[in-house]
>>> print(open('data20.cif').read())   # mmCIF, C-alpha atoms
data_data
#
loop_
_atom_site.group_PDB
_atom_site.id
_atom_site.type_symbol
_atom_site.label_atom_id
_atom_site.label_comp_id
_atom_site.auth_asym_id
_atom_site.auth_seq_id
_atom_site.Cartn_x
_atom_site.Cartn_y
_atom_site.Cartn_z
ATOM 1 C CA MET A 148 -3.095 16.265 63.286
ATOM 2 C CA LYS A 149 -2.896 12.517 63.732
ATOM 3 C CA ASP A 150 0.473 11.225 64.937
ATOM 4 C CA ILE A 151 1.089 8.918 61.962
ATOM 5 C CA THR A 152 4.559 7.750 60.965
ATOM 6 C CA LEU A 153 5.986 6.828 57.584
ATOM 7 C CA ARG A 154 6.927 3.434 59.012
ATOM 8 C CA GLN A 155 3.286 2.707 59.818
ATOM 9 C CA ILE A 156 2.334 3.635 56.272
ATOM 10 C CA GLU A 157 5.086 1.425 54.836
ATOM 11 C CA TYR A 158 3.919 -1.602 56.843
ATOM 12 C CA PHE A 159 0.280 -0.955 55.936
ATOM 13 C CA LEU A 160 1.129 -0.846 52.219
ATOM 14 C CA ALA A 161 3.238 -3.984 52.597
ATOM 15 C CA VAL A 162 0.160 -5.776 53.943
ATOM 16 C CA LEU A 163 -1.897 -4.501 51.008
ATOM 17 C CA ASP A 164 0.692 -5.662 48.487
ATOM 18 C CA ARG A 165 1.494 -9.024 50.104
ATOM 19 C CA GLY A 166 -1.980 -10.026 51.237
ATOM 20 C CA SER A 167 -1.073 -11.065 54.783
ATOM 21 C CA LEU A 168 0.708 -9.764 57.869
ATOM 22 C CA SER A 169 3.237 -12.592 57.799
ATOM 23 C CA ALA A 170 4.187 -11.963 54.161
ATOM 24 C CA ALA A 171 4.394 -8.212 54.817
ATOM 25 C CA ALA A 172 6.676 -8.835 57.786
ATOM 26 C CA ALA A 173 8.970 -11.070 55.758
ATOM 27 C CA ALA A 174 9.181 -8.498 52.956
ATOM 28 C CA SER A 175 9.912 -5.723 55.475
ATOM 29 C CA ASN A 176 12.492 -7.810 57.406
ATOM 30 C CA VAL A 177 10.673 -7.375 60.714
ATOM 31 C CA SER A 178 8.565 -9.605 62.920
ATOM 32 C CA GLN A 179 4.885 -10.169 62.319
ATOM 33 C CA ALA A 180 4.219 -8.694 65.750
ATOM 34 C CA THR A 181 5.910 -5.457 64.664
ATOM 35 C CA VAL A 182 3.703 -5.159 61.594
ATOM 36 C CA SER A 183 0.578 -6.056 63.569
ATOM 37 C CA ALA A 184 1.339 -3.473 66.247
ATOM 38 C CA ALA A 185 2.033 -0.737 63.683
ATOM 39 C CA LEU A 186 -1.174 -1.528 61.797
ATOM 40 C CA SER A 187 -3.265 -1.563 64.994
ATOM 41 C CA GLN A 188 -1.799 1.760 66.088
ATOM 42 C CA LEU A 189 -2.477 3.277 62.666
ATOM 43 C CA GLU A 190 -6.099 2.116 62.728
ATOM 44 C CA LYS A 191 -6.500 3.453 66.270
ATOM 45 C CA GLN A 192 -5.104 6.858 65.298
ATOM 46 C CA LEU A 193 -7.398 7.053 62.272
ATOM 47 C CA ASN A 194 -10.327 5.561 64.202
ATOM 48 C CA VAL A 195 -11.152 3.297 61.254
ATOM 49 C CA THR A 196 -10.581 -0.326 60.218
ATOM 50 C CA LEU A 197 -8.161 -0.475 57.296
ATOM 51 C CA ILE A 198 -7.586 -4.232 56.999
ATOM 52 C CA ALA A 199 -10.150 -7.003 57.353
ATOM 53 C CA ARG A 200 -8.575 -10.236 58.586
ATOM 54 C CA GLY A 201 -10.028 -13.169 56.697
ATOM 55 C CA PRO A 202 -9.726 -16.975 56.708
ATOM 56 C CA ALA A 203 -6.304 -18.572 56.321
ATOM 57 C CA ARG A 204 -4.879 -15.351 57.781
ATOM 58 C CA ARG A 205 -5.560 -13.458 54.591
ATOM 59 C CA ALA A 206 -5.736 -9.684 54.962
ATOM 60 C CA ARG A 207 -7.905 -7.611 52.648
ATOM 61 C CA PRO A 208 -8.420 -3.845 52.656
ATOM 62 C CA THR A 209 -11.743 -2.374 53.669
ATOM 63 C CA SER A 210 -13.215 0.391 51.517
ATOM 64 C CA ALA A 211 -11.538 2.887 53.838
ATOM 65 C CA GLY A 212 -8.298 0.918 53.526
ATOM 66 C CA ARG A 213 -8.369 1.048 49.742
ATOM 67 C CA GLU A 214 -8.999 4.800 49.782
ATOM 68 C CA PHE A 215 -6.271 5.426 52.353
ATOM 69 C CA GLY A 216 -3.890 3.173 50.422
ATOM 70 C CA ILE A 217 -4.123 5.311 47.292
ATOM 71 C CA ARG A 218 -3.203 8.440 49.218
ATOM 72 C CA ALA A 219 -0.608 6.653 51.342
ATOM 73 C CA ARG A 220 1.282 5.562 48.223
ATOM 74 C CA SER A 221 1.274 9.151 47.027
ATOM 75 C CA ILE A 222 2.700 10.280 50.389
ATOM 76 C CA LEU A 223 5.594 7.815 50.237
ATOM 77 C CA ALA A 224 6.298 8.694 46.614
ATOM 78 C CA THR A 225 6.429 12.398 47.497
ATOM 79 C CA VAL A 226 8.855 11.739 50.342
ATOM 80 C CA THR A 227 11.085 9.659 48.071
ATOM 81 C CA GLU A 228 11.024 12.385 45.430
ATOM 82 C CA ALA A 229 12.019 14.940 48.053
ATOM 83 C CA VAL A 230 15.009 12.846 49.089
ATOM 84 C CA GLU A 231 16.109 12.363 45.484
ATOM 85 C CA SER A 232 15.738 16.066 44.731
ATOM 86 C CA VAL A 233 18.153 16.985 47.520
ATOM 87 C CA ASN A 234 20.901 14.744 46.219
ATOM 88 C CA GLU A 235 20.183 12.559 43.211
ATOM 89 C CA ASP A 236 23.524 10.783 43.534
ATOM 90 C CA SER A 237 22.687 9.615 47.040
ATOM 91 C CA ALA A 238 19.364 8.126 46.047
ATOM 92 C CA VAL A 239 19.875 4.412 46.622
ATOM 93 C CA LEU A 240 17.724 2.080 44.591
ATOM 94 C CA HIS A 241 15.762 0.273 47.274
ATOM 95 C CA GLY A 242 12.253 -0.471 48.441
ATOM 96 C CA PRO A 243 9.249 -1.895 46.610
ATOM 97 C CA LEU A 244 8.758 -1.688 42.845
ATOM 98 C CA ARG A 245 5.474 -3.017 41.452
ATOM 99 C CA ILE A 246 5.300 -3.739 37.736
ATOM 100 C CA GLY A 247 2.051 -4.659 36.019
ATOM 101 C CA CYS A 248 1.988 -6.458 32.688
ATOM 102 C CA ILE A 249 -0.537 -7.872 30.253
ATOM 103 C CA PRO A 250 -0.376 -11.702 30.143
ATOM 104 C CA THR A 251 0.653 -11.912 26.478
ATOM 105 C CA ALA A 252 3.737 -9.739 27.020
ATOM 106 C CA ALA A 253 4.667 -11.160 30.425
ATOM 107 C CA PRO A 254 6.594 -14.266 29.227
ATOM 108 C CA ARG A 255 8.713 -12.018 27.021
ATOM 109 C CA MET A 256 9.295 -9.110 29.414
ATOM 110 C CA LEU A 257 9.127 -10.241 33.038
ATOM 111 C CA PRO A 258 11.709 -13.054 33.439
ATOM 112 C CA GLY A 259 14.584 -10.993 32.038
ATOM 113 C CA THR A 260 13.522 -7.978 34.070
ATOM 114 C CA ALA A 261 13.352 -10.003 37.271
ATOM 115 C CA SER A 262 16.768 -11.541 36.595
ATOM 116 C CA CYS A 263 18.354 -8.141 35.965
ATOM 117 C CA PHE A 264 17.002 -6.658 39.187
ATOM 118 C CA GLU A 265 18.069 -9.719 41.183
ATOM 119 C CA ARG A 266 21.628 -9.325 39.918
ATOM 120 C CA GLN A 267 22.078 -5.561 39.680
ATOM 121 C CA PHE A 268 19.582 -4.054 42.125
ATOM 122 C CA PRO A 269 19.159 -6.549 44.990
ATOM 123 C CA ASP A 270 17.799 -3.884 47.356
ATOM 124 C CA ILE A 271 14.757 -3.405 45.135
ATOM 125 C CA ASP A 272 11.824 -5.544 46.278
ATOM 126 C CA ILE A 273 10.339 -6.123 42.839
ATOM 127 C CA SER A 274 6.907 -7.690 42.389
ATOM 128 C CA PHE A 275 4.738 -8.356 39.348
ATOM 129 C CA VAL A 276 1.029 -8.348 38.559
ATOM 130 C CA GLU A 277 -0.485 -9.826 35.397
ATOM 131 C CA ALA A 278 -3.886 -8.501 34.354
ATOM 132 C CA HIS A 279 -5.924 -7.539 31.291
ATOM 133 C CA PRO A 280 -5.139 -4.170 29.666
ATOM 134 C CA THR A 281 -8.111 -2.309 31.123
ATOM 135 C CA THR A 282 -7.434 -3.588 34.640
ATOM 136 C CA ILE A 283 -3.735 -2.715 34.407
ATOM 137 C CA GLN A 284 -4.526 0.859 33.398
ATOM 138 C CA GLN A 285 -6.917 1.240 36.319
ATOM 139 C CA MET A 286 -4.258 -0.118 38.679
ATOM 140 C CA ILE A 287 -1.763 2.514 37.507
ATOM 141 C CA LEU A 288 -4.194 5.345 38.132
ATOM 142 C CA ALA A 289 -5.067 3.896 41.551
ATOM 143 C CA GLY A 290 -1.396 3.684 42.525
ATOM 144 C CA GLU A 291 -1.516 -0.104 42.838
ATOM 145 C CA VAL A 292 1.419 -0.527 40.433
ATOM 146 C CA ASP A 293 4.282 1.860 39.703
ATOM 147 C CA LEU A 294 4.685 0.938 36.055
ATOM 148 C CA ALA A 295 2.859 -1.204 33.526
ATOM 149 C CA VAL A 296 3.862 -2.969 30.316
ATOM 150 C CA MET A 297 1.392 -3.286 27.448
ATOM 151 C CA TYR A 298 0.884 -2.379 23.798
ATOM 152 C CA ARG A 299 0.409 1.231 22.723
ATOM 153 C CA LYS A 300 -2.928 0.630 21.001
ATOM 154 C CA GLN A 301 -4.352 -0.902 24.186
ATOM 155 C CA VAL A 302 -3.864 2.303 26.191
ATOM 156 C CA GLN A 303 -7.296 3.900 26.101
ATOM 157 C CA ILE A 304 -7.710 5.581 29.504
ATOM 158 C CA GLU A 305 -6.825 9.257 29.941
ATOM 159 C CA GLY A 306 -4.214 10.388 32.433
ATOM 160 C CA LEU A 307 -1.521 7.903 31.413
ATOM 161 C CA LYS A 308 1.871 8.483 29.815
ATOM 162 C CA LYS A 309 3.372 6.022 27.313
ATOM 163 C CA HIS A 310 7.121 5.312 27.256
ATOM 164 C CA PRO A 311 8.152 3.426 24.075
ATOM 165 C CA LEU A 312 10.133 0.256 24.715
ATOM 166 C CA SER A 313 10.249 -1.460 21.319
ATOM 167 C CA GLU A 314 8.450 -1.552 17.992
ATOM 168 C CA VAL A 315 6.536 -4.763 17.376
ATOM 169 C CA GLN A 316 5.211 -6.415 14.233
ATOM 170 C CA LEU A 317 2.005 -8.378 14.256
ATOM 171 C CA HIS A 318 2.455 -12.066 13.416
ATOM 172 C CA ALA A 319 -0.019 -14.640 12.166
ATOM 173 C CA LEU A 320 0.131 -17.981 13.945
ATOM 174 C CA VAL A 321 -0.584 -20.940 11.655
ATOM 175 C CA SER A 322 -0.142 -24.697 11.822
ATOM 176 C CA ALA A 323 3.062 -26.214 10.484
ATOM 177 C CA ASP A 324 1.199 -27.784 7.532
ATOM 178 C CA HIS A 325 -0.692 -24.629 6.593
ATOM 179 C CA PRO A 326 -0.281 -23.773 2.859
ATOM 180 C CA LEU A 327 1.396 -20.469 3.797
ATOM 181 C CA ALA A 328 3.597 -21.829 6.593
ATOM 182 C CA LYS A 329 6.805 -21.677 4.531
ATOM 183 C CA ARG A 330 6.344 -18.043 3.563
ATOM 184 C CA ARG A 331 8.505 -15.266 5.055
ATOM 185 C CA GLY A 332 5.524 -12.971 5.471
ATOM 186 C CA VAL A 333 1.831 -12.759 4.743
ATOM 187 C CA ASP A 334 -0.842 -10.213 3.892
ATOM 188 C CA ILE A 335 -3.915 -10.380 6.091
ATOM 189 C CA ALA A 336 -6.074 -10.800 2.951
ATOM 190 C CA GLU A 337 -4.445 -14.199 2.383
ATOM 191 C CA LEU A 338 -5.710 -15.506 5.725
ATOM 192 C CA VAL A 339 -8.956 -13.688 6.299
ATOM 193 C CA GLY A 340 -11.075 -16.528 4.864
ATOM 194 C CA ASP A 341 -9.774 -19.001 7.461
ATOM 195 C CA PRO A 342 -11.313 -19.353 10.933
ATOM 196 C CA LEU A 343 -9.746 -16.813 13.310
ATOM 197 C CA ILE A 344 -9.033 -17.649 16.965
ATOM 198 C CA LEU A 345 -8.411 -14.545 19.070
ATOM 199 C CA LEU A 346 -7.326 -13.883 22.632
ATOM 200 C CA ASP A 347 -10.233 -12.799 24.811
ATOM 201 C CA SER A 348 -8.462 -9.896 26.503
ATOM 202 C CA PRO A 349 -10.354 -6.619 25.982
ATOM 203 C CA PRO A 350 -9.766 -4.466 24.025
ATOM 204 C CA THR A 351 -7.310 -6.596 21.990
ATOM 205 C CA ALA A 352 -9.785 -8.635 19.942
ATOM 206 C CA ASP A 353 -11.968 -5.624 19.133
ATOM 207 C CA LEU A 354 -8.926 -3.634 18.002
ATOM 208 C CA LEU A 355 -7.746 -6.392 15.653
ATOM 209 C CA VAL A 356 -11.193 -7.015 14.207
ATOM 210 C CA GLY A 357 -11.630 -3.283 13.647
ATOM 211 C CA GLN A 358 -8.293 -3.036 11.839
ATOM 212 C CA ILE A 359 -9.146 -5.986 9.590
ATOM 213 C CA ARG A 360 -12.500 -4.446 8.735
ATOM 214 C CA GLY A 361 -10.733 -1.164 8.038
ATOM 215 C CA LEU A 362 -8.861 -2.951 5.264
ATOM 216 C CA GLY A 363 -12.165 -4.016 3.710
ATOM 217 C CA HIS A 364 -12.273 -7.598 5.008
ATOM 218 C CA GLU A 365 -14.722 -9.364 7.303
ATOM 219 C CA PRO A 366 -12.860 -11.753 9.638
ATOM 220 C CA ASN A 367 -14.304 -15.164 10.394
ATOM 221 C CA VAL A 368 -13.881 -15.120 14.181
ATOM 222 C CA ARG A 369 -14.525 -18.659 15.365
ATOM 223 C CA TRP A 370 -13.457 -18.544 19.010
ATOM 224 C CA LEU A 371 -12.425 -16.033 21.663
ATOM 225 C CA LEU A 372 -10.267 -17.796 24.259
ATOM 226 C CA PRO A 373 -8.561 -16.368 27.369
ATOM 227 C CA ASN A 374 -5.425 -18.546 27.265
ATOM 228 C CA ALA A 375 -2.679 -18.011 24.670
ATOM 229 C CA GLU A 376 -1.385 -21.553 25.181
ATOM 230 C CA THR A 377 -4.808 -22.983 24.359
ATOM 231 C CA ILE A 378 -4.929 -20.871 21.214
ATOM 232 C CA ARG A 379 -1.511 -22.175 20.141
ATOM 233 C CA SER A 380 -2.744 -25.753 20.549
ATOM 234 C CA MET A 381 -5.936 -25.070 18.592
ATOM 235 C CA VAL A 382 -3.905 -23.568 15.770
ATOM 236 C CA ALA A 383 -1.463 -26.491 15.808
ATOM 237 C CA TRP A 384 -4.432 -28.813 15.234
ATOM 238 C CA GLY A 385 -5.342 -26.814 12.124
ATOM 239 C CA LEU A 386 -8.553 -25.400 13.599
ATOM 240 C CA GLY A 387 -7.797 -21.834 12.494
ATOM 241 C CA PHE A 388 -5.148 -19.127 12.658
ATOM 242 C CA SER A 389 -4.437 -16.469 15.249
ATOM 243 C CA LEU A 390 -2.733 -13.082 15.521
ATOM 244 C CA ALA A 391 -0.147 -12.058 18.096
ATOM 245 C CA ASN A 392 2.386 -9.332 18.838
ATOM 246 C CA ALA A 393 4.462 -11.533 21.158
ATOM 247 C CA VAL A 394 6.553 -14.017 19.192
ATOM 248 C CA PRO A 395 8.221 -16.850 21.159
ATOM 249 C CA HIS A 396 11.382 -18.721 20.216
ATOM 250 C CA PRO A 397 11.002 -20.688 16.938
ATOM 251 C CA ASP A 398 11.456 -23.975 18.802
ATOM 252 C CA ILE A 399 8.212 -23.459 20.727
ATOM 253 C CA ARG A 400 5.586 -26.141 20.229
ATOM 254 C CA SER A 401 2.015 -26.657 21.309
ATOM 255 C CA PHE A 402 1.072 -28.421 24.551
ATOM 256 C CA GLN A 403 0.866 -31.680 22.577
ATOM 257 C CA GLY A 404 4.301 -31.127 21.020
ATOM 258 C CA MET A 405 2.993 -30.056 17.615
ATOM 259 C CA GLU A 406 4.834 -27.465 15.537
ATOM 260 C CA VAL A 407 3.429 -24.024 14.774
ATOM 261 C CA THR A 408 4.675 -21.158 12.627
ATOM 262 C CA TYR A 409 4.655 -17.404 13.249
ATOM 263 C CA LEU A 410 4.477 -15.352 10.027
ATOM 264 C CA PRO A 411 5.096 -11.574 9.981
ATOM 265 C CA VAL A 412 1.995 -9.688 8.830
ATOM 266 C CA ASN A 413 3.170 -7.268 6.143
ATOM 267 C CA ASN A 414 0.258 -4.793 6.387
ATOM 268 C CA PRO A 415 1.702 -1.578 7.909
ATOM 269 C CA GLU A 416 -1.665 -0.800 9.523
ATOM 270 C CA PHE A 417 -0.923 -3.404 12.197
ATOM 271 C CA SER A 418 2.334 -1.833 13.408
ATOM 272 C CA ASN A 419 2.416 -1.348 17.170
ATOM 273 C CA THR A 420 4.749 -0.537 20.050
ATOM 274 C CA ILE A 421 5.294 -2.185 23.390
ATOM 275 C CA VAL A 422 5.280 0.581 25.991
ATOM 276 C CA GLY A 423 5.826 1.245 29.649
ATOM 277 C CA VAL A 424 2.933 3.191 31.149
ATOM 278 C CA THR A 425 2.976 5.571 34.110
ATOM 279 C CA VAL A 426 0.717 8.259 35.505
ATOM 280 C CA GLU A 427 0.838 11.387 33.350
ATOM 281 C CA ASP A 428 2.402 14.598 34.741
ATOM 282 C CA SER A 429 3.977 12.886 37.751
ATOM 283 C CA ARG A 430 7.672 12.887 38.545
ATOM 284 C CA MET A 431 9.041 9.379 38.093
ATOM 285 C CA LEU A 432 11.158 7.866 40.825
ATOM 286 C CA LYS A 433 14.667 6.797 39.943
ATOM 287 C CA LYS A 434 13.767 3.124 40.306
ATOM 288 C CA VAL A 435 10.945 3.540 37.772
ATOM 289 C CA THR A 436 13.241 5.176 35.193
ATOM 290 C CA THR A 437 15.739 2.389 35.856
ATOM 291 C CA ALA A 438 13.000 -0.185 35.276
ATOM 292 C CA LEU A 439 12.150 1.425 31.937
ATOM 293 C CA ASP A 440 15.812 1.154 30.871
ATOM 294 C CA VAL A 441 15.872 -2.514 31.903
ATOM 295 C CA LEU A 442 12.638 -3.225 30.052
ATOM 296 C CA ARG A 443 14.005 -1.636 26.870
ATOM 297 C CA GLN A 444 17.039 -3.896 27.012
ATOM 298 C CA VAL A 445 14.887 -6.968 27.649
ATOM 299 C CA ALA A 446 12.672 -6.025 24.692
ATOM 300 C CA GLU A 447 15.751 -5.736 22.492
ATOM 301 C CA ASP A 448 17.140 -9.089 23.678
ATOM 302 C CA THR A 449 13.861 -10.868 22.943
ATOM 303 C CA ALA A 450 13.029 -9.263 19.604
ATOM 304 C CA PRO A 451 12.034 -11.871 16.974
ATOM 305 C CA SER A 452 14.909 -10.693 14.764
ATOM 306 C CA ASN A 453 17.352 -11.904 17.429
ATOM 307 C CA TRP A 454 16.019 -15.439 17.760
ATOM 308 C CA ALA A 455 18.128 -16.644 14.836
ATOM 309 C CA LYS A 456 21.330 -15.107 16.177
#
>>> encode(input="data20.cif", output="structure tokens")
Amino acid sequence: MKDITLRQIEYFLAVLDRGSLSAAAAASNVSQATVSAALSQLEKQLNVTLIARGPARRARPTSAGREFGIRARSILATVTEAVESVNEDSAVLHGPLRIGCIPTAAPRMLPGTASCFERQFPDIDISFVEAHPTTIQQMILAGEVDLAVMYRKQVQIEGLKKHPLSEVQLHALVSADHPLAKRRGVDIAELVGDPLILLDSPPTADLLVGQIRGLGHEPNVRWLLPNAETIRSMVAWGLGFSLANAVPHPDIRSFQGMEVTYLPVNNPEFSNTIVGVTVEDSRMLKKVTTALDVLRQVAEDTAPSNWAK
């Protein structure tokens, strides 16, 4: 059996996560020479190149490195679980925690989560990845993130477990001078004739269009755009309306400083839940369960019903 140490594996994964030997060394509180030596020894013992050194000192995994990384994460997780199983009370919250999140939920969920961990769990090296729903799900299964945040209806890949964080209500985004802007809520039938501007983040747009059609309406989709801020500006100019689960503070304006309005959509068919997602049938580490508790509190603190308080 190869004489491989857990420390070598930890440094190798730090390089994968940080993208360079220098960043991995800083995150691990050791010298770059220490990380480089451990990585070289690991590659020598495995007789394979795990990391390809690129320009600007960037480090990227080879195909063998990506494959080994998936299994290496599983090894470290198993060791951590073994330690926690011996004495749960002695399990100190420390080490890396990688949280993935869809871009539309990130402004709501990530800042508060980061602040909480900085204050209450300083030994946790927390990092975040923003990616489209499909990519995030693939990253969970590949072990590239420990936990992901997204909407329940976006979870479409098998092998994942959903942990409810908060119920969400779909909102219609309209310009401040829209005829319905002063309403307290709206039925989708009242807007369906207007141009619809949707976020181009699969499968979100397809899900919304399918739900609208399920109610017997044909939406007039004018644009699919990848940036929520651009969509808000387009709506502010009166170029159409949009639909969103993430509702910012009422004082939010467009890039040009124009007012917009978020109206609750009253149709119950659009109800959804923001969820934490992990690998199904796997024992969750204590830091992951702690992260879920933190995320639930952040979701509560940023619920639209609390903005007026």
>>> atom_distance(input="data20.cif", atom1="CA of Gln303 in chain A", atom2="CA of Arg255 in chain A")
22.6 Å
>>> closest_residue(input="data20.cif", among="A:Asp293, A:Val445, A:Ala172, A:Leu317", to="Ala224 in chain A", atoms="all atoms listed in the file")
A:Asp293
>>> residues_near_point(input="data20.cif", point="(9.6, -0.7, 17.5)", cutoff="8 Å", atoms="only C-alpha atoms", output="MDAnalysis selection string")
chainID A and resid 311:316 419:421
>>> residues_around(input="data20.cif", residues="Val292 in chain A", least_positions_apart="3", cutoff="12 Å", atoms="only C-alpha atoms", output="ChimeraX atom specification")
/A:160,163-164,216-217,220-221,243-248,273-278,282-289,295-296,423-426,435
>>> write_last_selection(input="data20.cif", atoms="C-alpha atoms", output="PDB file, in the frame of the given file")
ATOM      1  CA  LEU A 160       1.129  -0.846  52.219  1.00  0.00           C
ATOM      2  CA  LEU A 163      -1.897  -4.501  51.008  1.00  0.00           C
ATOM      3  CA  ASP A 164       0.692  -5.662  48.487  1.00  0.00           C
ATOM      4  CA  GLY A 216      -3.890   3.173  50.422  1.00  0.00           C
ATOM      5  CA  ILE A 217      -4.123   5.311  47.292  1.00  0.00           C
ATOM      6  CA  ARG A 220       1.282   5.562  48.223  1.00  0.00           C
ATOM      7  CA  SER A 221       1.274   9.151  47.027  1.00  0.00           C
ATOM      8  CA  PRO A 243       9.249  -1.895  46.610  1.00  0.00           C
ATOM      9  CA  LEU A 244       8.758  -1.688  42.845  1.00  0.00           C
ATOM     10  CA  ARG A 245       5.474  -3.017  41.452  1.00  0.00           C
ATOM     11  CA  ILE A 246       5.300  -3.739  37.736  1.00  0.00           C
ATOM     12  CA  GLY A 247       2.051  -4.659  36.019  1.00  0.00           C
ATOM     13  CA  CYS A 248       1.988  -6.458  32.688  1.00  0.00           C
ATOM     14  CA  ILE A 273      10.339  -6.123  42.839  1.00  0.00           C
ATOM     15  CA  SER A 274       6.907  -7.690  42.389  1.00  0.00           C
ATOM     16  CA  PHE A 275       4.738  -8.356  39.348  1.00  0.00           C
ATOM     17  CA  VAL A 276       1.029  -8.348  38.559  1.00  0.00           C
ATOM     18  CA  GLU A 277      -0.485  -9.826  35.397  1.00  0.00           C
ATOM     19  CA  ALA A 278      -3.886  -8.501  34.354  1.00  0.00           C
ATOM     20  CA  THR A 282      -7.434  -3.588  34.640  1.00  0.00           C
ATOM     21  CA  ILE A 283      -3.735  -2.715  34.407  1.00  0.00           C
ATOM     22  CA  GLN A 284      -4.526   0.859  33.398  1.00  0.00           C
ATOM     23  CA  GLN A 285      -6.917   1.240  36.319  1.00  0.00           C
ATOM     24  CA  MET A 286      -4.258  -0.118  38.679  1.00  0.00           C
ATOM     25  CA  ILE A 287      -1.763   2.514  37.507  1.00  0.00           C
ATOM     26  CA  LEU A 288      -4.194   5.345  38.132  1.00  0.00           C
ATOM     27  CA  ALA A 289      -5.067   3.896  41.551  1.00  0.00           C
ATOM     28  CA  ALA A 295       2.859  -1.204  33.526  1.00  0.00           C
ATOM     29  CA  VAL A 296       3.862  -2.969  30.316  1.00  0.00           C
ATOM     30  CA  GLY A 423       5.826   1.245  29.649  1.00  0.00           C
ATOM     31  CA  VAL A 424       2.933   3.191  31.149  1.00  0.00           C
ATOM     32  CA  THR A 425       2.976   5.571  34.110  1.00  0.00           C
ATOM     33  CA  VAL A 426       0.717   8.259  35.505  1.00  0.00           C
ATOM     34  CA  VAL A 435      10.945   3.540  37.772  1.00  0.00           C
TER      35      VAL A 435
END
>>> residues_near_point(input="data20.cif", point="(2.1, -9.3, 4.0)", cutoff="9 Å", atoms="only C-alpha atoms", output="ChimeraX atom specification")
/A:331-337,410-415
>>> resolve_selection(input="data20.cif", expression="the PyMOL selection byres ((chain A and resi 377) around 12)", output="ChimeraX atom specification")
/A:344-347,370-376,378-384,386,389,400-403
>>> atom_distance(input="data20.cif", atom1="CA of Glu190 in chain A", atom2="CA of Val162 in chain A")
13.4 Å
>>> atom_distance(input="data20.cif", atom1="CA of Asp398 in chain A", atom2="CA of Arg443 in chain A")
23.9 Å
>>> closest_residue(input="data20.cif", among="A:Leu327, A:His396, A:Thr436, A:Ala352", to="Pro254 in chain A", atoms="only C-alpha atoms")
A:His396
>>> build_atoms(input="data20.cif", residues="range 397-407 of chain A", atoms="N, CA, C and O atoms", output="compact mmCIF listing (two decimals), in the frame of the given file")
# COMPACT_ATOMS: atom_id res chain seq x y z
N PRO A 397 11.50 -19.80 18.02
CA PRO A 397 11.00 -20.69 16.94
C PRO A 397 10.86 -22.15 17.34
O PRO A 397 10.11 -22.90 16.70
N ASP A 398 11.56 -22.58 18.38
CA ASP A 398 11.46 -23.98 18.80
C ASP A 398 10.19 -24.28 19.60
O ASP A 398 9.93 -25.43 19.93
N ILE A 399 9.41 -23.25 19.91
CA ILE A 399 8.21 -23.46 20.73
C ILE A 399 7.22 -24.36 20.01
O ILE A 399 7.05 -24.29 18.79
N ARG A 400 6.59 -25.24 20.77
CA ARG A 400 5.59 -26.14 20.23
C ARG A 400 4.31 -26.01 21.05
O ARG A 400 4.28 -25.38 22.10
N SER A 401 3.27 -26.67 20.57
CA SER A 401 2.02 -26.66 21.31
C SER A 401 2.13 -27.58 22.52
O SER A 401 3.11 -28.30 22.70
N PHE A 402 1.10 -27.57 23.36
CA PHE A 402 1.07 -28.42 24.55
C PHE A 402 1.26 -29.89 24.19
O PHE A 402 1.87 -30.66 24.93
N GLN A 403 0.76 -30.28 23.02
CA GLN A 403 0.87 -31.68 22.58
C GLN A 403 2.16 -31.95 21.81
O GLN A 403 2.35 -33.05 21.30
N GLY A 404 3.04 -30.94 21.71
CA GLY A 404 4.30 -31.13 21.02
C GLY A 404 4.23 -30.91 19.52
O GLY A 404 5.15 -31.30 18.79
N MET A 405 3.16 -30.28 19.05
CA MET A 405 2.99 -30.06 17.61
C MET A 405 3.62 -28.72 17.22
O MET A 405 3.61 -27.75 17.98
N GLU A 406 4.17 -28.67 16.01
CA GLU A 406 4.83 -27.46 15.54
C GLU A 406 3.82 -26.41 15.08
O GLU A 406 2.75 -26.74 14.57
N VAL A 407 4.20 -25.16 15.26
CA VAL A 407 3.43 -24.02 14.77
C VAL A 407 4.39 -23.05 14.12
O VAL A 407 5.61 -23.13 14.31
